[in-house]
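Structure file data_38.txt with compact mmCIF, C-alpha atoms (C1' of nucleotides):
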# COMPACT_ATOMS: atom_id res chain seq x y z
CA MET K 22 63.75 142.51 -3.09
CA ILE K 23 64.81 139.67 -5.35
CA PHE K 24 64.57 137.15 -2.47
CA THR K 25 60.90 137.94 -1.91
CA LYS K 26 60.06 137.74 -5.57
CA ILE K 27 61.75 134.37 -6.10
CA VAL K 28 60.27 132.75 -3.00
CA THR K 29 56.78 133.95 -3.87
CA ARG K 30 57.10 132.73 -7.43
CA TRP K 31 58.43 129.37 -6.28
CA TYR K 32 55.44 129.04 -3.97
CA SER K 33 52.86 129.65 -6.65
CA ASN K 34 54.42 126.83 -8.69
CA ASN K 35 55.21 124.32 -5.94
CA LYS K 36 52.79 124.65 -3.06
CA ARG K 37 51.09 121.57 -1.72
CA ILE K 38 47.31 121.36 -1.64
CA LEU K 39 46.41 121.39 2.05
CA PRO K 40 42.95 121.72 3.61
CA TRP K 41 43.73 124.87 5.61
CA ARG K 42 44.82 126.56 2.40
CA GLN K 43 41.27 126.38 1.09
CA THR K 44 39.90 128.83 3.67
CA LYS K 45 40.55 132.12 5.45
CA ASP K 46 38.15 131.42 8.28
CA PRO K 47 40.13 132.30 11.42
CA TYR K 48 38.73 129.30 13.31
CA TYR K 49 40.23 126.86 10.83
CA ILE K 50 43.46 128.80 10.43
CA TRP K 51 43.87 129.03 14.21
CA LEU K 52 43.13 125.33 14.61
CA SER K 53 45.67 124.38 11.95
CA GLU K 54 48.35 126.65 13.38
CA ILE K 55 48.02 125.25 16.89
CA ILE K 56 48.14 121.68 15.59
CA LEU K 57 51.19 122.45 13.45
CA GLN K 58 53.27 123.97 16.27
CA GLN K 59 56.43 121.87 16.48
CA THR K 60 54.64 119.32 14.33
CA GLN K 61 55.24 118.29 10.74
CA VAL K 62 52.38 118.63 8.26
CA LYS K 63 52.34 114.88 7.70
CA GLN K 64 51.82 114.18 11.39
CA GLY K 65 49.31 116.97 12.03
CA LEU K 66 47.09 116.52 8.99
CA PRO K 67 44.95 113.62 10.24
CA TYR K 68 44.42 115.44 13.55
CA TYR K 69 43.27 118.55 11.70
CA GLU K 70 40.75 116.50 9.73
CA ALA K 71 39.48 114.86 12.91
CA PHE K 72 39.02 118.17 14.72
CA VAL K 73 37.26 119.83 11.79
CA SER K 74 34.97 116.85 11.51
CA LYS K 75 34.10 116.58 15.20
CA TYR K 76 34.16 120.33 15.97
CA PRO K 77 33.11 122.19 12.78
CA SER K 78 32.85 125.53 14.57
CA VAL K 79 34.36 127.28 17.56
CA PHE K 80 31.00 126.82 19.30
CA ASP K 81 31.24 123.05 18.99
CA LEU K 82 34.74 123.10 20.41
CA ALA K 83 33.72 125.41 23.25
CA ASN K 84 30.87 123.08 24.20
CA ALA K 85 33.09 119.99 24.33
CA LYS K 86 34.45 118.40 27.50
CA GLU K 87 38.17 118.71 28.05
CA ASN K 88 38.51 114.94 28.24
CA ASP K 89 37.07 114.60 24.76
CA VAL K 90 39.35 117.30 23.34
CA LEU K 91 42.36 115.60 24.90
CA LYS K 92 41.19 112.25 23.59
CA LEU K 93 41.10 113.59 20.03
CA TRP K 94 44.53 115.14 20.60
CA GLN K 95 45.91 111.88 22.00
CA GLY K 96 49.22 110.93 20.40
CA LEU K 97 50.07 114.39 19.08
CA GLY K 98 52.05 115.50 22.13
CA TYR K 99 52.50 118.89 23.79
CA TYR K 100 49.11 118.53 25.40
CA SER K 101 49.04 122.09 26.74
CA ARG K 102 48.18 123.00 23.15
CA ALA K 103 44.93 121.04 23.45
CA ARG K 104 44.08 122.46 26.87
CA ASN K 105 44.76 126.02 25.69
CA LEU K 106 42.84 125.37 22.48
CA HIS K 107 39.78 124.45 24.51
CA THR K 108 40.23 127.35 26.94
CA THR K 109 40.51 129.84 24.08
CA ALA K 110 37.47 128.42 22.28
CA LYS K 111 35.40 128.91 25.44
CA HIS K 112 36.78 132.44 25.85
CA ILE K 113 35.89 133.39 22.28
CA VAL K 114 32.36 132.06 22.61
CA SER K 115 31.68 133.41 26.10
CA ASP K 116 33.46 136.76 25.98
CA LEU K 117 33.84 137.63 22.29
CA ASN K 118 30.48 136.53 20.95
CA GLY K 119 32.14 133.78 18.92
CA VAL K 120 34.17 136.24 16.85
CA PHE K 121 37.96 135.94 16.60
CA PRO K 122 40.19 138.98 17.18
CA ASN K 123 41.11 140.44 13.80
CA ASN K 124 44.60 141.80 14.44
CA TYR K 125 48.03 140.69 15.67
CA LYS K 126 47.95 142.61 18.94
CA ASP K 127 44.65 141.15 20.10
CA LEU K 128 45.34 137.66 18.77
CA LEU K 129 48.52 137.63 20.86
CA LYS K 130 46.41 137.83 24.01
CA LEU K 131 44.83 134.45 23.37
CA LYS K 132 46.14 131.56 25.43
CA GLY K 133 48.39 129.33 23.36
CA VAL K 134 48.92 132.03 20.72
CA GLY K 135 52.43 133.48 20.63
CA ASP K 136 54.28 135.69 18.18
CA TYR K 137 54.36 133.11 15.41
CA THR K 138 50.69 132.09 15.58
CA ALA K 139 49.38 135.62 15.99
CA SER K 140 51.41 136.67 12.94
CA ALA K 141 50.19 133.72 10.93
CA ILE K 142 46.49 134.28 11.67
CA ALA K 143 46.72 138.07 11.28
CA SER K 144 48.41 137.81 7.90
CA ILE K 145 46.49 134.87 6.46
CA CYS K 146 43.02 135.88 7.61
CA PHE K 147 43.24 139.67 7.79
CA ASN K 148 46.10 140.63 5.44
CA GLU K 149 48.04 142.23 8.28
CA ASN K 150 51.67 142.92 7.50
CA THR K 151 53.22 140.70 10.20
CA ALA K 152 56.05 138.30 9.36
CA VAL K 153 56.06 134.76 10.69
CA VAL K 154 59.24 133.21 12.03
CA ASP K 155 59.10 129.46 12.50
CA GLY K 156 61.72 126.75 12.15
CA ASN K 157 61.51 126.93 8.39
CA VAL K 158 62.02 130.69 8.28
CA TYR K 159 65.05 130.45 10.59
CA ARG K 160 66.60 127.92 8.26
CA VAL K 161 65.93 129.74 5.01
CA LEU K 162 67.08 133.14 6.25
CA SER K 163 70.13 131.91 8.18
CA ARG K 164 71.37 130.16 5.05
CA TYR K 165 70.52 132.74 2.43
CA PHE K 166 72.01 135.61 4.45
CA GLU K 167 74.62 133.46 6.26
CA ILE K 168 73.55 134.49 9.75
CA ASP K 169 75.34 132.68 12.60
CA THR K 170 73.30 134.10 15.46
CA PRO K 171 71.83 131.20 17.48
CA ILE K 172 68.21 130.85 16.44
CA ASN K 173 67.26 129.71 19.95
CA SER K 174 68.44 132.89 21.66
CA SER K 175 66.52 136.08 22.31
CA LYS K 176 69.00 137.98 20.15
CA GLY K 177 68.34 135.56 17.31
CA ALA K 178 64.59 135.76 17.72
CA LYS K 179 64.64 139.54 17.36
CA GLU K 180 67.18 139.56 14.53
CA PHE K 181 65.29 137.06 12.39
CA LYS K 182 61.92 138.63 13.12
CA ASP K 183 63.21 142.02 12.00
CA LEU K 184 64.74 140.56 8.87
CA ALA K 185 61.58 138.67 7.95
CA GLN K 186 59.57 141.83 8.53
CA LYS K 187 61.81 143.70 6.07
CA LEU K 188 61.46 140.99 3.45
CA ILE K 189 57.71 140.46 3.64
CA ASP K 190 55.67 141.30 0.57
CA LYS K 191 53.54 144.10 1.99
CA LYS K 192 50.95 143.68 -0.72
CA LYS K 193 50.58 139.96 -0.09
CA PRO K 194 51.66 139.12 3.46
CA ALA K 195 49.58 135.94 3.55
CA GLU K 196 51.21 134.62 0.40
CA PHE K 197 54.74 135.54 1.46
CA ASN K 198 54.47 134.04 4.94
CA GLN K 199 53.20 130.74 3.65
CA ALA K 200 55.68 130.83 0.78
CA ILE K 201 58.79 131.12 2.91
CA MET K 202 57.59 128.38 5.27
CA GLU K 203 56.71 126.04 2.43
CA PHE K 204 60.03 126.81 0.80
CA GLY K 205 61.82 125.78 3.99
CA ALA K 206 59.80 122.61 4.36
CA VAL K 207 60.08 121.40 0.77
CA GLN K 208 63.18 122.94 -0.85
CA CYS K 209 65.48 124.30 1.87
CA ARG K 210 65.25 121.13 3.96
CA PRO K 211 67.27 120.56 7.16
CA LYS K 212 69.35 117.73 5.70
CA ASN K 213 70.65 117.17 2.20
CA PRO K 214 68.70 119.91 0.44
CA ASP K 215 69.02 119.75 -3.34
CA CYS K 216 70.66 123.13 -3.76
CA ASN K 217 71.41 122.49 -7.42
CA ILE K 218 67.77 122.98 -8.34
CA CYS K 219 67.17 125.80 -5.83
CA PRO K 220 65.95 129.04 -7.43
CA LEU K 221 67.76 130.99 -4.69
CA ASN K 222 71.15 129.31 -4.99
CA SER K 223 72.98 132.07 -6.84
CA GLY K 224 72.25 134.57 -4.07
CA CYS K 225 72.47 132.12 -1.18
CA MET K 226 75.54 133.03 0.86
CA ALA K 227 75.73 129.73 2.73
CA PHE K 228 75.52 127.76 -0.52
CA ASN K 229 78.22 129.83 -2.15
CA LYS K 230 80.51 129.30 0.86
CA ASN K 231 79.58 125.63 1.22
CA ARG K 232 78.14 126.23 4.68
CA ILE K 233 74.62 124.91 4.16
CA HIS K 234 75.20 122.05 6.59
CA GLU K 235 76.39 124.47 9.30
CA LEU K 236 73.28 126.66 9.33
CA PRO K 237 71.07 127.45 11.08
CA PHE K 238 73.20 127.51 14.24
CA LYS K 239 71.55 126.39 17.43
CA ILE K 240 72.68 126.26 21.06
CA LYS K 241 72.73 122.65 22.16
CA SER K 242 70.18 121.62 24.76
CA ALA K 243 70.91 119.58 27.85
CA LYS K 244 70.81 115.81 27.66
CA ALA K 245 67.60 114.08 28.60
CA LYS K 246 67.23 112.85 32.15
CA LYS K 247 66.36 109.25 32.96
CA ARG K 248 63.29 108.34 35.01
CA HIS K 249 62.00 104.96 36.06
CA PHE K 250 58.23 104.46 35.76
CA ASN K 251 56.36 101.48 37.17
CA PHE K 252 52.70 101.33 36.17
CA LEU K 253 50.36 99.18 38.25
CA VAL K 254 47.82 97.54 35.96
CA PHE K 255 45.11 96.31 38.27
CA ILE K 256 42.77 93.60 37.04
CA SER K 257 39.98 92.51 39.35
CA LYS K 258 37.74 89.49 38.98
CA ASP K 259 34.85 91.76 38.07
CA GLN K 260 36.90 93.14 35.15
CA LYS K 261 37.84 96.46 36.61
CA THR K 262 41.08 98.42 36.56
CA ILE K 263 42.32 101.76 37.91
CA LEU K 264 43.16 104.90 35.98
CA GLU K 265 44.29 108.10 37.65
CA LYS K 266 44.30 111.63 36.27
CA ARG K 267 47.67 113.37 36.21
CA GLU K 268 47.23 116.60 38.14
CA GLY K 269 49.56 119.49 38.83
CA LYS K 270 52.67 120.28 36.85
CA GLY K 271 54.86 118.13 34.67
CA ILE K 272 54.24 115.93 31.68
CA TRP K 273 50.88 114.67 30.44
CA GLN K 274 48.84 117.13 32.50
CA ASN K 275 45.16 116.08 32.72
CA LEU K 276 45.77 112.81 30.92
CA TYR K 277 45.11 109.46 32.58
CA GLN K 278 47.45 106.65 33.53
CA PHE K 279 47.64 103.50 35.59
CA PRO K 280 48.72 104.15 39.18
CA LEU K 281 52.38 105.10 38.89
CA ILE K 282 55.27 104.36 41.18
CA GLU K 283 58.37 106.25 40.17
CA THR K 284 61.61 104.83 41.49
CA THR K 285 65.20 105.97 41.39
CA ARG K 286 66.32 102.79 39.63
CA GLU K 287 64.98 99.88 37.67
CA GLN K 288 62.91 97.45 39.71
CA SER K 289 63.31 93.68 39.59
CA ASN K 290 60.52 91.20 40.04
CA GLY K 291 61.25 89.92 43.54
CA SER K 292 62.01 93.11 45.40
CA PHE K 293 59.24 95.14 43.77
CA LYS K 294 56.44 93.06 45.25
CA ASN K 295 57.86 93.63 48.69
CA TYR K 296 58.29 97.32 47.88
CA ILE K 297 54.65 97.92 46.89
CA LYS K 298 52.77 95.76 49.37
CA SER K 299 52.28 98.71 51.71
CA HIS K 300 50.90 100.88 48.87
CA HIS K 301 47.47 102.23 49.79
CA LEU K 302 45.82 100.29 46.95
CA LEU K 303 47.40 97.02 48.13
CA LYS K 304 47.71 97.31 51.88
CA ASN K 305 46.66 94.10 53.66
CA ARG K 306 45.55 92.59 50.38
CA SER K 307 46.52 89.41 48.64
CA PHE K 308 47.48 89.77 44.99
CA GLU K 309 49.49 88.23 42.20
CA LEU K 310 52.18 90.36 40.54
CA VAL K 311 53.33 89.68 36.98
CA LEU K 312 55.77 91.80 35.03
CA TYR K 313 54.25 92.37 31.58
CA ASN K 314 57.28 93.60 29.65
CA LYS K 315 60.40 91.57 30.31
CA ASP K 316 62.53 94.23 28.64
CA VAL K 317 62.11 97.74 29.97
CA ILE K 318 60.34 100.06 27.51
CA ILE K 319 62.27 103.25 26.88
CA HIS K 320 59.86 106.02 26.00
CA LYS K 321 61.72 109.08 24.78
CA LEU K 322 60.48 112.60 25.29
CA SER K 323 62.43 115.74 24.46
CA HIS K 324 63.85 116.16 27.94
CA GLN K 325 63.25 112.82 29.60
CA HIS K 326 63.81 109.16 28.87
CA LEU K 327 61.18 107.10 30.64
CA TYR K 328 62.32 103.59 31.54
CA THR K 329 58.97 101.94 31.94
CA LYS K 330 57.61 98.67 33.28
CA PHE K 331 53.99 97.54 33.33
CA TRP K 332 53.17 95.37 36.31
CA ILE K 333 49.98 93.30 36.12
CA ILE K 334 48.24 92.98 39.45
CA ASN K 335 45.62 90.25 39.64
CA ILE K 336 43.41 90.85 42.62
CA ASP K 337 39.94 89.77 43.77
CA THR K 338 38.37 93.18 44.23
CA LEU K 339 39.53 96.79 44.12
CA ASN K 340 39.48 98.86 47.29
CA VAL K 341 38.64 101.96 45.22
CA ASN K 342 35.95 102.46 42.58
CA GLY K 343 38.03 101.93 39.46
CA ILE K 344 36.67 101.66 35.94
CA LEU K 345 35.45 98.82 33.77
CA VAL K 346 38.19 97.62 31.45
CA ASP K 347 35.68 97.93 28.60
CA GLU K 348 35.64 101.69 29.16
CA ILE K 349 39.39 102.19 29.20
CA ARG K 350 39.59 103.47 25.63
CA ASP K 351 37.31 106.41 26.46
CA PHE K 352 40.06 108.08 28.49
CA PRO K 353 42.79 110.28 27.04
CA VAL K 354 46.13 108.65 27.81
CA PRO K 355 49.77 109.17 26.82
CA ILE K 356 50.86 107.18 23.82
CA ILE K 357 52.92 104.75 25.88
CA ILE K 358 49.80 103.82 27.84
CA SER K 359 47.75 103.60 24.66
CA ASN K 360 50.31 101.27 23.10
CA PHE K 361 50.19 99.05 26.15
CA ILE K 362 46.38 98.94 26.12
CA ASP K 363 46.43 97.84 22.49
CA ALA K 364 49.16 95.26 23.00
CA PHE K 365 47.66 93.83 26.17
CA ASN K 366 44.34 93.69 24.38
CA PHE K 367 42.13 94.63 27.27
C1' DA S 23 67.81 133.67 29.56
C1' DA S 24 66.86 128.85 30.35
C1' DT S 25 63.85 125.21 30.96
C1' DT S 26 59.85 122.54 30.15
C1' DC S 27 56.46 120.82 27.66
C1' DG S 28 55.59 114.77 22.88
C1' DG S 29 55.92 112.06 19.64
C1' DG S 30 57.26 110.72 14.96
C1' DG S 31 60.57 110.43 11.35
C1' DC S 32 64.94 110.67 9.13
C1' DG S 33 70.01 110.17 7.93
C1' DC E 7 71.76 107.99 18.16
C1' DG E 8 71.11 113.13 17.41
C1' DC E 9 68.38 116.33 15.15
C1' DC E 10 64.16 118.55 13.47
C1' DC E 11 59.34 119.82 13.29
C1' DA E 12 54.10 126.17 10.57
C1' DG E 13 56.36 127.38 19.31
C1' DA E 14 54.36 128.86 23.82
C1' DA E 15 54.39 129.15 28.69
C1' DT E 16 56.76 129.00 32.80
C1' DT E 17 60.60 129.56 35.78

Reformat the file's structure so that it appears as structure tokens.
Amino acid sequence: MIFTKIVTRWYSNNKRILPWRQTKDPYYIWLSEIILQQTQVKQGLPYYEAFVSKYPSVFDLANAKENDVLKLWQGLGYYSRARNLHTTAKHIVSDLNGVFPNNYKDLLKLKGVGDYTASAIASICFNENTAVVDGNVYRVLSRYFEIDTPINSSKGAKEFKDLAQKLIDKKKPAEFNQAIMEFGAVQCRPKNPDCNICPLNSGCMAFNKNRIHELPFKIKSAKAKKRHFNFLVFISKDQKTILEKREGKGIWQNLYQFPLIETTREQSNGSFKNYIKSHHLLKNRSFELVLYNKDVIIHKLSHQHLYTKFWIINIDTLNVNGILVDEIRDFPVPIIISNFIDAFNF
DNA sequence: AATTCGGGGCG
DNA sequence: CGCCCAGAATT
């Protein structure tokens, strides 16, 4: 297939030098693939370096505490990736003698490893003939073959997987998989790709019909919902504050935060003090309440916009244990909390 | 099949 | 402001 030949050739001439391209050790490939899920190379790279440095082997990662893994992951988002990463490391050490599965089918059983990641590891580390389909592959194939099927539909997932599997270079699956992804990231970019210098342009159906900007086609997702977060930043005279671990379902699972009061609407200074004085951490106590951020901070996640206020509570003593403010940076926290901690300069 | 998980960057 | 990113798990 001419497509396969051109993409592979382009890759050998244009690929970036990246640390996970210097190895076929499944631990490092797995680590890089998890970090790079829904994450651009530029954003994930420093996290990869940090993990390799702190956890050079799967045994080191398995022996770590979850809090420390989450702390190193802090700021990267999609924290279930970090929790599953740790769970899988422990599984491989405890149940598999520290040896990674060596094929697609068994890799797929690992927590946090889906079709894409299993295909990537199987092809890169073990030369298995399994095509990867990530955001880059969707874009390249939908344009070159002018496919209008929504990429975020089950029909699209199957269609593109089958097509990629037909196109893969069976003699060099590792090369082809990385080539088509790199091609999508560097040449066949989402916006304003330079099609004039593209080695595939003569055969690209979307380019020849001037439909590059229309593909890939995606079903629109629902608009983000608004939530109102009020964080209670306790400060006692003995320099303590309170952090709570987020349990259960929802965002930021197992990360820490200041005691949170979620309200249906934005709170103003006067009424909020009256509203919280029966809170179990404040009941029958005297305290001073100061709103830290005059303008509400809007923290945007994929599906939620968090309208956030930090309320400073000066109080003599805490009626729970709390933590020393000097220790606050040891805890994994969401980036909005981390930004506050830095700005407030605890 | 649809929704839920983060955060950064870009036009 | 909307869209995208070397997707997976849950509902």

Residues near His326 (chain K), anyone? I mean within 7 Å using all atoms listed in the file, not counting same-chain ones fewer than 3 positions away, as an NGL selection string. :K and (245-248 or 319-322)

Within 9 Å of chain K, which residues of chain E are there when counting all atoms listed in the file? Please give them as a PyMOL selection string. chain E and resi 10-15

Got a sec to pull out which chain K residues are within 7 Å of chain S, counting all atoms listed in the file, and send them as a PyMOL selection string? chain K and resi 96-99+272+322

Residue among K:Asn34, K:Ser242, K:Ser144, K:Thr25 lying closest to DG8 (chain E), counting all atoms listed in the file: K:Ser242

Point-to-point distance from CA of Val311 (chain K) to CA of Lys330 (chain K), Å rounded to tenths: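 So the two atoms, CA of Val311 (chain K) and CA of Lys330 (chain K), lie 10.6 Å apart.
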
The distance between CA of Asn88 (chain K) and CA of Ile333 (chain K) is 25.7 Å

If I take CA of Lys192 (chain K) and CA of Ala139 (chain K), how far is one from the other in Å, to one decimal? 18.6 Å

Could you give me, as a list of chain:residue names, the residues that sit within 9 Å of (29.2, 130.0, 14.7) in the file's coordinates, counting all atoms listed in the file? K:Pro77, K:Ser78, K:Val79, K:Phe80, K:Asp81, K:Val114, K:Gly119, K:Val120

Write the residues of the preceding selection, restricted to C-alpha atoms, as a CSV table (one decimal), in the coordinates of the input.
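Writing the result to again.csv gives the following:
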chain,number,residue,atom,x,y,z
K,77,PRO,CA,33.1,122.2,12.8
K,78,SER,CA,32.8,125.5,14.6
K,79,VAL,CA,34.4,127.3,17.6
K,80,PHE,CA,31.0,126.8,19.3
K,81,ASP,CA,31.2,123.0,19.0
K,114,VAL,CA,32.4,132.1,22.6
K,119,GLY,CA,32.1,133.8,18.9
K,120,VAL,CA,34.2,136.2,16.8
